[in-house]
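Engineer: Structure supplied as entry_29.txt; contents: compact mmCIF, N, CA and C atoms.
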```
# COMPACT_ATOMS: atom_id res chain seq x y z
N MET K 1 167.26 80.30 -108.10
CA MET K 1 166.60 79.59 -109.17
C MET K 1 166.68 80.41 -110.45
N ALA K 2 167.08 79.79 -111.53
CA ALA K 2 167.25 80.48 -112.81
C ALA K 2 165.89 80.73 -113.46
N ASP K 3 165.80 81.86 -114.17
CA ASP K 3 164.58 82.17 -114.90
C ASP K 3 164.48 81.27 -116.13
N ILE K 4 163.29 80.76 -116.37
CA ILE K 4 163.05 79.97 -117.58
C ILE K 4 162.68 80.96 -118.69
N PRO K 5 163.29 80.85 -119.85
CA PRO K 5 162.97 81.79 -120.94
C PRO K 5 161.47 81.80 -121.26
N ARG K 6 160.97 82.99 -121.57
CA ARG K 6 159.55 83.22 -121.85
C ARG K 6 159.01 82.23 -122.89
N ASN K 7 159.73 82.04 -123.98
CA ASN K 7 159.23 81.16 -125.03
C ASN K 7 159.11 79.71 -124.56
N PHE K 8 160.01 79.26 -123.70
CA PHE K 8 159.91 77.90 -123.16
C PHE K 8 158.65 77.76 -122.31
N VAL K 9 158.38 78.78 -121.50
CA VAL K 9 157.17 78.76 -120.66
C VAL K 9 155.94 78.69 -121.55
N LEU K 10 155.89 79.54 -122.57
CA LEU K 10 154.71 79.58 -123.44
C LEU K 10 154.57 78.33 -124.30
N LEU K 11 155.68 77.76 -124.74
CA LEU K 11 155.59 76.50 -125.49
C LEU K 11 155.03 75.39 -124.61
N SER K 12 155.43 75.38 -123.36
CA SER K 12 154.90 74.39 -122.41
C SER K 12 153.40 74.60 -122.21
N GLU K 13 152.98 75.87 -122.08
CA GLU K 13 151.56 76.17 -121.92
C GLU K 13 150.77 75.78 -123.16
N LEU K 14 151.36 76.04 -124.33
CA LEU K 14 150.69 75.67 -125.58
C LEU K 14 150.48 74.17 -125.66
N GLU K 15 151.49 73.42 -125.29
CA GLU K 15 151.38 71.96 -125.31
C GLU K 15 150.27 71.49 -124.37
N LEU K 16 150.21 72.07 -123.17
CA LEU K 16 149.14 71.69 -122.23
C LEU K 16 147.77 72.09 -122.76
N GLY K 17 147.69 73.26 -123.37
CA GLY K 17 146.42 73.72 -123.93
C GLY K 17 145.93 72.83 -125.05
N GLU K 18 146.85 72.33 -125.85
CA GLU K 18 146.46 71.45 -126.96
C GLU K 18 145.96 70.10 -126.47
N LYS K 19 146.31 69.73 -125.26
CA LYS K 19 145.84 68.46 -124.69
C LYS K 19 144.40 68.56 -124.20
N GLY K 20 143.88 69.78 -124.08
CA GLY K 20 142.48 69.94 -123.77
C GLY K 20 142.12 70.24 -122.34
N GLY K 21 143.00 70.10 -121.40
CA GLY K 21 142.71 70.45 -120.02
C GLY K 21 141.64 69.57 -119.40
N ASP K 22 140.85 70.19 -118.52
CA ASP K 22 139.88 69.44 -117.72
C ASP K 22 138.45 69.50 -118.26
N GLY K 23 138.25 70.09 -119.42
CA GLY K 23 136.92 70.16 -120.00
C GLY K 23 136.13 71.39 -119.62
N ARG K 24 136.57 72.12 -118.59
CA ARG K 24 135.87 73.35 -118.18
C ARG K 24 136.44 74.57 -118.89
N CYS K 25 137.73 74.53 -119.19
CA CYS K 25 138.43 75.65 -119.81
C CYS K 25 139.35 75.13 -120.90
N SER K 26 139.55 75.94 -121.93
CA SER K 26 140.50 75.57 -122.97
C SER K 26 141.17 76.85 -123.47
N TYR K 27 142.33 76.67 -124.11
CA TYR K 27 143.05 77.83 -124.62
C TYR K 27 144.07 77.40 -125.67
N GLY K 28 144.49 78.37 -126.48
CA GLY K 28 145.51 78.13 -127.49
C GLY K 28 145.88 79.44 -128.15
N LEU K 29 146.84 79.39 -129.05
CA LEU K 29 147.24 80.59 -129.77
C LEU K 29 146.13 81.02 -130.72
N GLU K 30 145.94 82.32 -130.83
CA GLU K 30 144.90 82.84 -131.72
C GLU K 30 145.27 82.60 -133.19
N ASP K 31 146.54 82.82 -133.53
CA ASP K 31 147.00 82.65 -134.92
C ASP K 31 148.39 82.01 -134.89
N PRO K 32 148.44 80.68 -134.70
CA PRO K 32 149.73 80.02 -134.51
C PRO K 32 150.69 80.16 -135.69
N ASP K 33 150.18 80.37 -136.89
CA ASP K 33 151.06 80.47 -138.05
C ASP K 33 151.76 81.83 -138.15
N ASN K 34 151.17 82.85 -137.53
CA ASN K 34 151.71 84.20 -137.68
C ASN K 34 152.12 84.88 -136.38
N ASP K 35 152.03 84.20 -135.28
CA ASP K 35 152.37 84.81 -133.98
C ASP K 35 153.53 84.04 -133.36
N MET K 36 154.70 84.20 -133.94
CA MET K 36 155.88 83.46 -133.48
C MET K 36 156.31 83.87 -132.07
N LEU K 37 155.92 85.06 -131.62
CA LEU K 37 156.27 85.51 -130.27
C LEU K 37 155.24 85.09 -129.23
N MET K 38 154.18 84.44 -129.70
CA MET K 38 153.14 83.89 -128.82
C MET K 38 152.53 84.95 -127.89
N HIS K 39 152.16 86.07 -128.47
CA HIS K 39 151.53 87.14 -127.70
C HIS K 39 150.01 86.96 -127.57
N HIS K 40 149.36 86.53 -128.65
CA HIS K 40 147.90 86.57 -128.73
C HIS K 40 147.30 85.17 -128.58
N TRP K 41 146.50 85.01 -127.53
CA TRP K 41 145.88 83.73 -127.21
C TRP K 41 144.37 83.90 -127.15
N ILE K 42 143.68 82.79 -127.31
CA ILE K 42 142.23 82.76 -127.10
C ILE K 42 141.95 81.70 -126.05
N GLY K 43 140.89 81.90 -125.33
CA GLY K 43 140.50 80.93 -124.32
C GLY K 43 138.99 80.80 -124.30
N SER K 44 138.53 79.77 -123.64
CA SER K 44 137.10 79.60 -123.46
C SER K 44 136.84 78.97 -122.10
N ILE K 45 135.71 79.35 -121.55
CA ILE K 45 135.25 78.80 -120.27
C ILE K 45 133.82 78.32 -120.48
N PHE K 46 133.57 77.09 -120.13
CA PHE K 46 132.21 76.56 -120.18
C PHE K 46 131.54 76.92 -118.86
N GLY K 47 130.42 77.63 -118.95
CA GLY K 47 129.74 78.09 -117.74
C GLY K 47 129.40 76.95 -116.80
N PRO K 48 129.70 77.13 -115.51
CA PRO K 48 129.42 76.07 -114.52
C PRO K 48 127.94 75.75 -114.43
N GLN K 49 127.65 74.47 -114.27
CA GLN K 49 126.26 74.03 -114.13
C GLN K 49 125.64 74.62 -112.86
N HIS K 50 124.33 74.81 -112.92
CA HIS K 50 123.53 75.28 -111.79
C HIS K 50 123.94 76.67 -111.33
N THR K 51 124.43 77.49 -112.27
CA THR K 51 124.75 78.89 -112.02
C THR K 51 124.12 79.70 -113.15
N PRO K 52 124.07 81.02 -113.03
CA PRO K 52 123.56 81.82 -114.15
C PRO K 52 124.39 81.68 -115.44
N PHE K 53 125.58 81.11 -115.34
CA PHE K 53 126.46 80.94 -116.49
C PHE K 53 126.24 79.60 -117.21
N ASP K 54 125.41 78.74 -116.62
CA ASP K 54 125.17 77.38 -117.13
C ASP K 54 124.73 77.42 -118.59
N GLY K 55 125.32 76.53 -119.38
CA GLY K 55 124.94 76.39 -120.78
C GLY K 55 125.59 77.39 -121.72
N GLN K 56 126.44 78.26 -121.21
CA GLN K 56 127.09 79.27 -122.05
C GLN K 56 128.57 78.94 -122.25
N LEU K 57 129.07 79.28 -123.39
CA LEU K 57 130.49 79.18 -123.68
C LEU K 57 131.02 80.61 -123.75
N TYR K 58 131.93 80.93 -122.84
CA TYR K 58 132.48 82.28 -122.76
C TYR K 58 133.84 82.31 -123.44
N GLU K 59 133.97 83.21 -124.43
CA GLU K 59 135.22 83.37 -125.17
C GLU K 59 136.04 84.48 -124.53
N LEU K 60 137.38 84.29 -124.53
CA LEU K 60 138.28 85.29 -123.97
C LEU K 60 139.46 85.53 -124.90
N LYS K 61 140.01 86.73 -124.82
CA LYS K 61 141.27 87.05 -125.48
C LYS K 61 142.30 87.25 -124.38
N ILE K 62 143.51 86.76 -124.65
CA ILE K 62 144.58 86.83 -123.66
C ILE K 62 145.82 87.37 -124.37
N HIS K 63 146.44 88.37 -123.78
CA HIS K 63 147.67 88.93 -124.35
C HIS K 63 148.82 88.72 -123.37
N CYS K 64 149.79 87.94 -123.80
CA CYS K 64 151.00 87.69 -123.00
C CYS K 64 152.09 88.61 -123.54
N GLY K 65 152.40 89.65 -122.78
CA GLY K 65 153.40 90.61 -123.21
C GLY K 65 154.81 90.05 -123.16
N ASP K 66 155.77 90.88 -123.54
CA ASP K 66 157.16 90.45 -123.59
C ASP K 66 157.73 90.06 -122.22
N GLN K 67 157.12 90.54 -121.14
CA GLN K 67 157.61 90.24 -119.79
C GLN K 67 156.89 89.06 -119.13
N TYR K 68 155.93 88.45 -119.84
CA TYR K 68 155.24 87.28 -119.31
C TYR K 68 156.27 86.13 -119.19
N PRO K 69 156.27 85.35 -118.15
CA PRO K 69 155.33 85.24 -117.04
C PRO K 69 155.67 86.11 -115.82
N LYS K 70 156.72 86.92 -115.92
CA LYS K 70 157.03 87.80 -114.78
C LYS K 70 155.89 88.80 -114.55
N GLN K 71 155.28 89.25 -115.64
CA GLN K 71 154.14 90.14 -115.55
C GLN K 71 152.90 89.39 -116.00
N GLN K 72 151.79 89.67 -115.36
CA GLN K 72 150.54 88.99 -115.69
C GLN K 72 150.10 89.32 -117.11
N PRO K 73 149.36 88.41 -117.73
CA PRO K 73 148.79 88.71 -119.05
C PRO K 73 147.62 89.67 -118.90
N ARG K 74 147.20 90.26 -119.99
CA ARG K 74 145.95 91.03 -120.00
C ARG K 74 144.88 90.08 -120.54
N VAL K 75 143.72 90.11 -119.94
CA VAL K 75 142.65 89.17 -120.30
C VAL K 75 141.34 89.94 -120.46
N TRP K 76 140.63 89.62 -121.53
CA TRP K 76 139.32 90.20 -121.81
C TRP K 76 138.33 89.10 -122.11
N PHE K 77 137.12 89.26 -121.61
CA PHE K 77 136.01 88.44 -122.09
C PHE K 77 135.57 89.03 -123.42
N VAL K 78 135.42 88.19 -124.42
CA VAL K 78 134.84 88.59 -125.71
C VAL K 78 133.32 88.48 -125.57
N SER K 79 132.88 87.39 -124.97
CA SER K 79 131.45 87.19 -124.70
C SER K 79 131.07 88.09 -123.52
N GLN K 80 129.91 88.74 -123.64
CA GLN K 80 129.48 89.58 -122.53
C GLN K 80 129.17 88.72 -121.32
N VAL K 81 129.59 89.23 -120.15
CA VAL K 81 129.37 88.53 -118.90
C VAL K 81 129.18 89.59 -117.81
N ASN K 82 128.30 89.31 -116.88
CA ASN K 82 128.07 90.18 -115.74
C ASN K 82 128.68 89.50 -114.53
N MET K 83 129.87 89.95 -114.12
CA MET K 83 130.60 89.27 -113.05
C MET K 83 131.53 90.27 -112.37
N PRO K 84 131.59 90.24 -111.04
CA PRO K 84 132.55 91.11 -110.36
C PRO K 84 133.98 90.83 -110.86
N GLY K 85 134.73 91.90 -111.06
CA GLY K 85 136.10 91.75 -111.53
C GLY K 85 136.22 91.84 -113.04
N VAL K 86 135.10 92.05 -113.73
CA VAL K 86 135.12 92.18 -115.19
C VAL K 86 134.50 93.53 -115.54
N ASN K 87 135.25 94.36 -116.27
CA ASN K 87 134.76 95.67 -116.69
C ASN K 87 133.54 95.49 -117.57
N GLN K 88 132.44 96.12 -117.21
CA GLN K 88 131.17 95.93 -117.91
C GLN K 88 131.10 96.63 -119.26
N HIS K 89 132.10 97.49 -119.57
CA HIS K 89 132.12 98.17 -120.85
C HIS K 89 133.11 97.55 -121.83
N THR K 90 134.22 97.00 -121.30
CA THR K 90 135.28 96.49 -122.17
C THR K 90 135.48 94.99 -122.07
N GLY K 91 135.03 94.38 -120.98
CA GLY K 91 135.24 92.96 -120.76
C GLY K 91 136.59 92.63 -120.15
N GLU K 92 137.42 93.66 -119.88
CA GLU K 92 138.75 93.39 -119.33
C GLU K 92 138.64 92.90 -117.89
N VAL K 93 139.46 91.90 -117.58
CA VAL K 93 139.48 91.30 -116.24
C VAL K 93 140.42 92.10 -115.35
N ASN K 94 139.93 92.45 -114.16
CA ASN K 94 140.74 93.12 -113.14
C ASN K 94 141.25 92.05 -112.19
N PHE K 95 142.52 91.69 -112.33
CA PHE K 95 143.09 90.61 -111.53
C PHE K 95 142.98 90.87 -110.04
N ALA K 96 142.97 92.13 -109.63
CA ALA K 96 142.90 92.47 -108.20
C ALA K 96 141.58 92.00 -107.57
N GLU K 97 140.56 91.75 -108.39
CA GLU K 97 139.26 91.35 -107.87
C GLU K 97 138.95 89.87 -108.06
N ILE K 98 139.94 89.10 -108.51
CA ILE K 98 139.73 87.68 -108.76
C ILE K 98 140.60 86.87 -107.80
N ASP K 99 139.96 86.06 -106.95
CA ASP K 99 140.70 85.24 -105.99
C ASP K 99 141.75 84.40 -106.71
N GLY K 100 142.96 84.43 -106.19
CA GLY K 100 144.06 83.68 -106.76
C GLY K 100 144.90 84.49 -107.72
N LEU K 101 144.33 85.55 -108.29
CA LEU K 101 145.06 86.36 -109.27
C LEU K 101 145.50 87.71 -108.70
N GLU K 102 145.04 88.04 -107.50
CA GLU K 102 145.33 89.36 -106.95
C GLU K 102 146.82 89.59 -106.71
N ARG K 103 147.58 88.53 -106.56
CA ARG K 103 149.04 88.63 -106.43
C ARG K 103 149.66 87.71 -107.48
N TRP K 104 149.98 88.27 -108.61
CA TRP K 104 150.53 87.50 -109.72
C TRP K 104 151.89 86.93 -109.37
N LYS K 105 152.12 85.69 -109.75
CA LYS K 105 153.41 85.02 -109.57
C LYS K 105 153.85 84.45 -110.92
N PRO K 106 155.15 84.44 -111.19
CA PRO K 106 155.63 83.88 -112.46
C PRO K 106 155.30 82.40 -112.64
N THR K 107 154.92 81.72 -111.58
CA THR K 107 154.55 80.31 -111.69
C THR K 107 153.10 80.14 -112.15
N HIS K 108 152.32 81.23 -112.15
CA HIS K 108 150.95 81.15 -112.64
C HIS K 108 150.97 80.97 -114.16
N SER K 109 149.86 80.53 -114.70
CA SER K 109 149.77 80.22 -116.13
C SER K 109 148.43 80.67 -116.70
N ILE K 110 148.31 80.56 -118.00
CA ILE K 110 147.03 80.86 -118.65
C ILE K 110 145.95 79.92 -118.12
N ALA K 111 146.27 78.65 -117.98
CA ALA K 111 145.29 77.69 -117.45
C ALA K 111 144.86 78.10 -116.05
N PHE K 112 145.79 78.56 -115.23
CA PHE K 112 145.47 79.00 -113.87
C PHE K 112 144.52 80.20 -113.90
N VAL K 113 144.78 81.15 -114.80
CA VAL K 113 143.91 82.32 -114.93
C VAL K 113 142.48 81.87 -115.27
N LEU K 114 142.35 80.99 -116.24
CA LEU K 114 141.01 80.52 -116.65
C LEU K 114 140.32 79.77 -115.52
N LYS K 115 141.06 78.96 -114.78
CA LYS K 115 140.46 78.23 -113.65
C LYS K 115 140.02 79.19 -112.55
N CYS K 116 140.79 80.24 -112.31
CA CYS K 116 140.38 81.24 -111.31
C CYS K 116 139.10 81.95 -111.74
N LEU K 117 138.97 82.25 -113.03
CA LEU K 117 137.75 82.88 -113.53
C LEU K 117 136.57 81.92 -113.43
N TYR K 118 136.79 80.66 -113.75
CA TYR K 118 135.74 79.65 -113.60
C TYR K 118 135.29 79.58 -112.14
N ASN K 119 136.25 79.54 -111.22
CA ASN K 119 135.92 79.48 -109.79
C ASN K 119 135.17 80.72 -109.34
N LYS K 120 135.49 81.88 -109.92
CA LYS K 120 134.77 83.11 -109.59
C LYS K 120 133.31 82.98 -110.01
N MET K 121 133.05 82.31 -111.12
CA MET K 121 131.67 82.10 -111.57
C MET K 121 130.88 81.26 -110.58
N LEU K 122 131.55 80.43 -109.82
CA LEU K 122 130.88 79.57 -108.84
C LEU K 122 130.52 80.30 -107.54
N ARG K 123 131.15 81.44 -107.30
CA ARG K 123 130.96 82.15 -106.03
C ARG K 123 129.60 82.84 -105.98
N ARG K 124 129.05 82.95 -104.79
CA ARG K 124 127.72 83.53 -104.59
C ARG K 124 127.62 84.96 -105.13
N GLU K 125 128.66 85.79 -104.95
CA GLU K 125 128.58 87.18 -105.41
C GLU K 125 128.56 87.30 -106.93
N SER K 126 128.88 86.22 -107.62
CA SER K 126 128.87 86.23 -109.09
C SER K 126 127.54 85.76 -109.66
N ARG K 127 126.63 85.37 -108.82
CA ARG K 127 125.35 84.84 -109.32
C ARG K 127 124.40 85.98 -109.67
N LEU K 128 124.80 86.72 -110.69
CA LEU K 128 124.06 87.89 -111.15
C LEU K 128 123.33 87.55 -112.44
N PRO K 129 122.26 88.29 -112.75
CA PRO K 129 121.60 88.07 -114.04
C PRO K 129 122.60 88.29 -115.18
N GLN K 130 122.54 87.43 -116.17
CA GLN K 130 123.47 87.51 -117.29
C GLN K 130 122.81 88.16 -118.50
N PRO K 131 123.60 88.93 -119.26
CA PRO K 131 123.04 89.56 -120.47
C PRO K 131 122.73 88.52 -121.53
N ALA K 132 121.88 88.92 -122.45
CA ALA K 132 121.64 88.05 -123.61
C ALA K 132 122.95 87.86 -124.34
N GLU K 133 123.05 86.77 -125.08
CA GLU K 133 124.30 86.47 -125.78
C GLU K 133 124.69 87.64 -126.68
N SER K 134 125.84 88.23 -126.37
CA SER K 134 126.39 89.30 -127.19
C SER K 134 127.88 89.40 -126.89
N LYS K 135 128.54 90.32 -127.55
CA LYS K 135 129.99 90.42 -127.42
C LYS K 135 130.39 91.82 -126.99
N PHE K 136 131.49 91.90 -126.23
CA PHE K 136 132.10 93.19 -125.90
C PHE K 136 132.79 93.72 -127.15
N PRO K 137 133.08 95.03 -127.19
CA PRO K 137 133.89 95.54 -128.31
C PRO K 137 135.25 94.84 -128.33
N THR K 138 135.84 94.68 -129.50
CA THR K 138 137.14 94.02 -129.64
C THR K 138 138.19 94.85 -128.90
N PRO K 139 138.97 94.19 -128.01
CA PRO K 139 140.00 94.95 -127.27
C PRO K 139 141.11 95.42 -128.20
N THR K 140 141.66 96.58 -127.87
CA THR K 140 142.82 97.09 -128.61
C THR K 140 144.02 97.05 -127.70
N LEU K 141 145.15 96.70 -128.24
CA LEU K 141 146.36 96.59 -127.44
C LEU K 141 147.29 97.75 -127.69
```
Show this structure as structure tokens.
Structural biologist:
Amino acid sequence: MADIPRNFVLLSELELGEKGGDGRCSYGLEDPDNDMLMHHWIGSIFGPQHTPFDGQLYELKIHCGDQYPKQQPRVWFVSQVNMPGVNQHTGEVNFAEIDGLERWKPTHSIAFVLKCLYNKMLRRESRLPQPAESKFPTPTL
């Protein structure tokens, strides 16, 4: 099977993101006018109902490096969240601790990453007290 060029993959993801998804998660380019290589993305997850995340909108930053989708993106929560698999000082997501992301595949996508994080919020071990609304420090790349 031939590799699909990175930009084609990301253009397809951008098109899907602009359609709005399923209402639980959304994503798009952070600065579409100035990021022609499509490295910097933003995402959001609406906290699942009847969980400690209910009623919150969680913002994320996503960095798709030059080897994406062969290599996983780096993902950070901008909004503070108390959840296994998320560094409590930086907000960076540890894919090894998130079901579905522990073994990255080039067929995975930004939407898939956000859905896996949403599903992690639904799990019993994630039902931890949440911090007051605040933000992690801005990630540096």
Engineer: Find the distance between CA of Gln72 in chain K and atom N of Glu125 in chain K and write it in Å to one decimal.
Structural biologist: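 It comes out at 24.6 Å.
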Engineer: For Pro137 in chain K, which residue among K:Pro106, K:Gly91, K:Gly20, K:Gly100 is the nearest when counting only C-alpha atoms?
Structural biologist: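 Checking each of K:Pro106, K:Gly91, K:Gly20, K:Gly100 against Pro137 in chain K, counting only C-alpha atoms, the winner is K:Gly91.
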Engineer: Write out as a PyMOL selection string which residues come within 6.5 Å of Thr90 in chain K when counting only N, CA and C atoms, dropping same-chain ones fewer than 6 positions away.
Structural biologist: chain K and resi 76-77+136-137
Engineer: What are the DSSP helix (DSSP H, G or I) residues of range 59-135 of chain K, as JSON, numbers by chain?
Structural biologist: {"K": [95, 96, 97, 110, 111, 112, 113, 114, 115, 116, 117, 118, 119, 120, 121, 122, 124, 125, 126]}
Engineer: Store the residues of this selection in a file with N, CA and C atoms, as a PDB file, in the frame of the given file.
Structural biologist:
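Contents of selection.pdb, as written:
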```pdb
ATOM      1  N   PHE K  95     142.520  91.690-112.330  1.00  0.00           N
ATOM      2  CA  PHE K  95     143.090  90.610-111.530  1.00  0.00           C
ATOM      3  C   PHE K  95     142.980  90.870-110.040  1.00  0.00           C
ATOM      4  N   ALA K  96     142.970  92.130-109.630  1.00  0.00           N
ATOM      5  CA  ALA K  96     142.900  92.470-108.200  1.00  0.00           C
ATOM      6  C   ALA K  96     141.580  92.000-107.570  1.00  0.00           C
ATOM      7  N   GLU K  97     140.560  91.750-108.390  1.00  0.00           N
ATOM      8  CA  GLU K  97     139.260  91.350-107.870  1.00  0.00           C
ATOM      9  C   GLU K  97     138.950  89.870-108.060  1.00  0.00           C
ATOM     10  N   ILE K 110     148.310  80.560-118.000  1.00  0.00           N
ATOM     11  CA  ILE K 110     147.030  80.860-118.650  1.00  0.00           C
ATOM     12  C   ILE K 110     145.950  79.920-118.120  1.00  0.00           C
ATOM     13  N   ALA K 111     146.270  78.650-117.980  1.00  0.00           N
ATOM     14  CA  ALA K 111     145.290  77.690-117.450  1.00  0.00           C
ATOM     15  C   ALA K 111     144.860  78.100-116.050  1.00  0.00           C
ATOM     16  N   PHE K 112     145.790  78.560-115.230  1.00  0.00           N
ATOM     17  CA  PHE K 112     145.470  79.000-113.870  1.00  0.00           C
ATOM     18  C   PHE K 112     144.520  80.200-113.900  1.00  0.00           C
ATOM     19  N   VAL K 113     144.780  81.150-114.800  1.00  0.00           N
ATOM     20  CA  VAL K 113     143.910  82.320-114.930  1.00  0.00           C
ATOM     21  C   VAL K 113     142.480  81.870-115.270  1.00  0.00           C
ATOM     22  N   LEU K 114     142.350  80.990-116.240  1.00  0.00           N
ATOM     23  CA  LEU K 114     141.010  80.520-116.650  1.00  0.00           C
ATOM     24  C   LEU K 114     140.320  79.770-115.520  1.00  0.00           C
ATOM     25  N   LYS K 115     141.060  78.960-114.780  1.00  0.00           N
ATOM     26  CA  LYS K 115     140.460  78.230-113.650  1.00  0.00           C
ATOM     27  C   LYS K 115     140.020  79.190-112.550  1.00  0.00           C
ATOM     28  N   CYS K 116     140.790  80.240-112.310  1.00  0.00           N
ATOM     29  CA  CYS K 116     140.380  81.240-111.310  1.00  0.00           C
ATOM     30  C   CYS K 116     139.100  81.950-111.740  1.00  0.00           C
ATOM     31  N   LEU K 117     138.970  82.250-113.030  1.00  0.00           N
ATOM     32  CA  LEU K 117     137.750  82.880-113.530  1.00  0.00           C
ATOM     33  C   LEU K 117     136.570  81.920-113.430  1.00  0.00           C
ATOM     34  N   TYR K 118     136.790  80.660-113.750  1.00  0.00           N
ATOM     35  CA  TYR K 118     135.740  79.650-113.600  1.00  0.00           C
ATOM     36  C   TYR K 118     135.290  79.580-112.140  1.00  0.00           C
ATOM     37  N   ASN K 119     136.250  79.540-111.220  1.00  0.00           N
ATOM     38  CA  ASN K 119     135.920  79.480-109.790  1.00  0.00           C
ATOM     39  C   ASN K 119     135.170  80.720-109.340  1.00  0.00           C
ATOM     40  N   LYS K 120     135.490  81.880-109.920  1.00  0.00           N
ATOM     41  CA  LYS K 120     134.770  83.110-109.590  1.00  0.00           C
ATOM     42  C   LYS K 120     133.310  82.980-110.010  1.00  0.00           C
ATOM     43  N   MET K 121     133.050  82.310-111.120  1.00  0.00           N
ATOM     44  CA  MET K 121     131.670  82.100-111.570  1.00  0.00           C
ATOM     45  C   MET K 121     130.880  81.260-110.580  1.00  0.00           C
ATOM     46  N   LEU K 122     131.550  80.430-109.820  1.00  0.00           N
ATOM     47  CA  LEU K 122     130.880  79.570-108.840  1.00  0.00           C
ATOM     48  C   LEU K 122     130.520  80.300-107.540  1.00  0.00           C
ATOM     49  N   ARG K 124     129.050  82.950-104.790  1.00  0.00           N
ATOM     50  CA  ARG K 124     127.720  83.530-104.590  1.00  0.00           C
ATOM     51  C   ARG K 124     127.620  84.960-105.130  1.00  0.00           C
ATOM     52  N   GLU K 125     128.660  85.790-104.950  1.00  0.00           N
ATOM     53  CA  GLU K 125     128.580  87.180-105.410  1.00  0.00           C
ATOM     54  C   GLU K 125     128.560  87.300-106.930  1.00  0.00           C
ATOM     55  N   SER K 126     128.880  86.220-107.620  1.00  0.00           N
ATOM     56  CA  SER K 126     128.870  86.230-109.090  1.00  0.00           C
ATOM     57  C   SER K 126     127.540  85.760-109.660  1.00  0.00           C
TER      58      SER K 126
END
```
Engineer: If we count only C-alpha atoms and set the cut-off at 12 Å, which residues sit around Leu16 in chain K, ignoring sequence neighbours fewer than 2 positions away in its own chain? Please answer as a JSON list (two decimals) with N, CA and C atoms, in the frame of the given file.
Structural biologist:
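The result, written out as part-v4.json:
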```json
[["chain", "number", "residue", "atom", "x", "y", "z"],
["K", 9, "VAL", "N", 158.38, 78.78, -121.50],
["K", 9, "VAL", "CA", 157.17, 78.76, -120.66],
["K", 9, "VAL", "C", 155.94, 78.69, -121.55],
["K", 10, "LEU", "N", 155.89, 79.54, -122.57],
["K", 10, "LEU", "CA", 154.71, 79.58, -123.44],
["K", 10, "LEU", "C", 154.57, 78.33, -124.30],
["K", 11, "LEU", "N", 155.68, 77.76, -124.74],
["K", 11, "LEU", "CA", 155.59, 76.50, -125.49],
["K", 11, "LEU", "C", 155.03, 75.39, -124.61],
["K", 12, "SER", "N", 155.43, 75.38, -123.36],
["K", 12, "SER", "CA", 154.90, 74.39, -122.41],
["K", 12, "SER", "C", 153.40, 74.60, -122.21],
["K", 13, "GLU", "N", 152.98, 75.87, -122.08],
["K", 13, "GLU", "CA", 151.56, 76.17, -121.92],
["K", 13, "GLU", "C", 150.77, 75.78, -123.16],
["K", 14, "LEU", "N", 151.36, 76.04, -124.33],
["K", 14, "LEU", "CA", 150.69, 75.67, -125.58],
["K", 14, "LEU", "C", 150.48, 74.17, -125.66],
["K", 18, "GLU", "N", 146.85, 72.33, -125.85],
["K", 18, "GLU", "CA", 146.46, 71.45, -126.96],
["K", 18, "GLU", "C", 145.96, 70.10, -126.47],
["K", 19, "LYS", "N", 146.31, 69.73, -125.26],
["K", 19, "LYS", "CA", 145.84, 68.46, -124.69],
["K", 19, "LYS", "C", 144.40, 68.56, -124.20],
["K", 20, "GLY", "N", 143.88, 69.78, -124.08],
["K", 20, "GLY", "CA", 142.48, 69.94, -123.77],
["K", 20, "GLY", "C", 142.12, 70.24, -122.34],
["K", 21, "GLY", "N", 143.00, 70.10, -121.40],
["K", 21, "GLY", "CA", 142.71, 70.45, -120.02],
["K", 21, "GLY", "C", 141.64, 69.57, -119.40],
["K", 22, "ASP", "N", 140.85, 70.19, -118.52],
["K", 22, "ASP", "CA", 139.88, 69.44, -117.72],
["K", 22, "ASP", "C", 138.45, 69.50, -118.26],
["K", 25, "CYS", "N", 137.73, 74.53, -119.19],
["K", 25, "CYS", "CA", 138.43, 75.65, -119.81],
["K", 25, "CYS", "C", 139.35, 75.13, -120.90],
["K", 26, "SER", "N", 139.55, 75.94, -121.93],
["K", 26, "SER", "CA", 140.50, 75.57, -122.97],
["K", 26, "SER", "C", 141.17, 76.85, -123.47],
["K", 27, "TYR", "N", 142.33, 76.67, -124.11],
["K", 27, "TYR", "CA", 143.05, 77.83, -124.62],
["K", 27, "TYR", "C", 144.07, 77.40, -125.67],
["K", 28, "GLY", "N", 144.49, 78.37, -126.48],
["K", 28, "GLY", "CA", 145.51, 78.13, -127.49],
["K", 28, "GLY", "C", 145.88, 79.44, -128.15],
["K", 29, "LEU", "N", 146.84, 79.39, -129.05],
["K", 29, "LEU", "CA", 147.24, 80.59, -129.77],
["K", 29, "LEU", "C", 146.13, 81.02, -130.72],
["K", 109, "SER", "N", 149.86, 80.53, -114.70],
["K", 109, "SER", "CA", 149.77, 80.22, -116.13],
["K", 109, "SER", "C", 148.43, 80.67, -116.70],
["K", 110, "ILE", "N", 148.31, 80.56, -118.00],
["K", 110, "ILE", "CA", 147.03, 80.86, -118.65],
["K", 110, "ILE", "C", 145.95, 79.92, -118.12],
["K", 111, "ALA", "N", 146.27, 78.65, -117.98],
["K", 111, "ALA", "CA", 145.29, 77.69, -117.45],
["K", 111, "ALA", "C", 144.86, 78.10, -116.05],
["K", 112, "PHE", "N", 145.79, 78.56, -115.23],
["K", 112, "PHE", "CA", 145.47, 79.00, -113.87],
["K", 112, "PHE", "C", 144.52, 80.20, -113.90]]
```
Engineer: Once you count only N, CA and C atoms, what closest atom pair and distance in Å to one decimal does each residue of range 23-140 of chain K within 8 Å of range 5-8 of chain K have, with rows by chain and rising residue number, as JSON lines?
Structural biologist:
```
{"residue": "K:Leu37", "atom": "C", "partner": "K:Asn7", "partner_atom": "CA", "distance": 7.0}
{"residue": "K:Met38", "atom": "N", "partner": "K:Asn7", "partner_atom": "CA", "distance": 7.6}
{"residue": "K:Asp66", "atom": "C", "partner": "K:Arg6", "partner_atom": "CA", "distance": 7.1}
{"residue": "K:Gln67", "atom": "C", "partner": "K:Arg6", "partner_atom": "CA", "distance": 7.0}
{"residue": "K:Tyr68", "atom": "C", "partner": "K:Arg6", "partner_atom": "CA", "distance": 5.1}
{"residue": "K:Pro69", "atom": "N", "partner": "K:Arg6", "partner_atom": "CA", "distance": 5.4}
{"residue": "K:Lys70", "atom": "N", "partner": "K:Arg6", "partner_atom": "CA", "distance": 7.5}
```
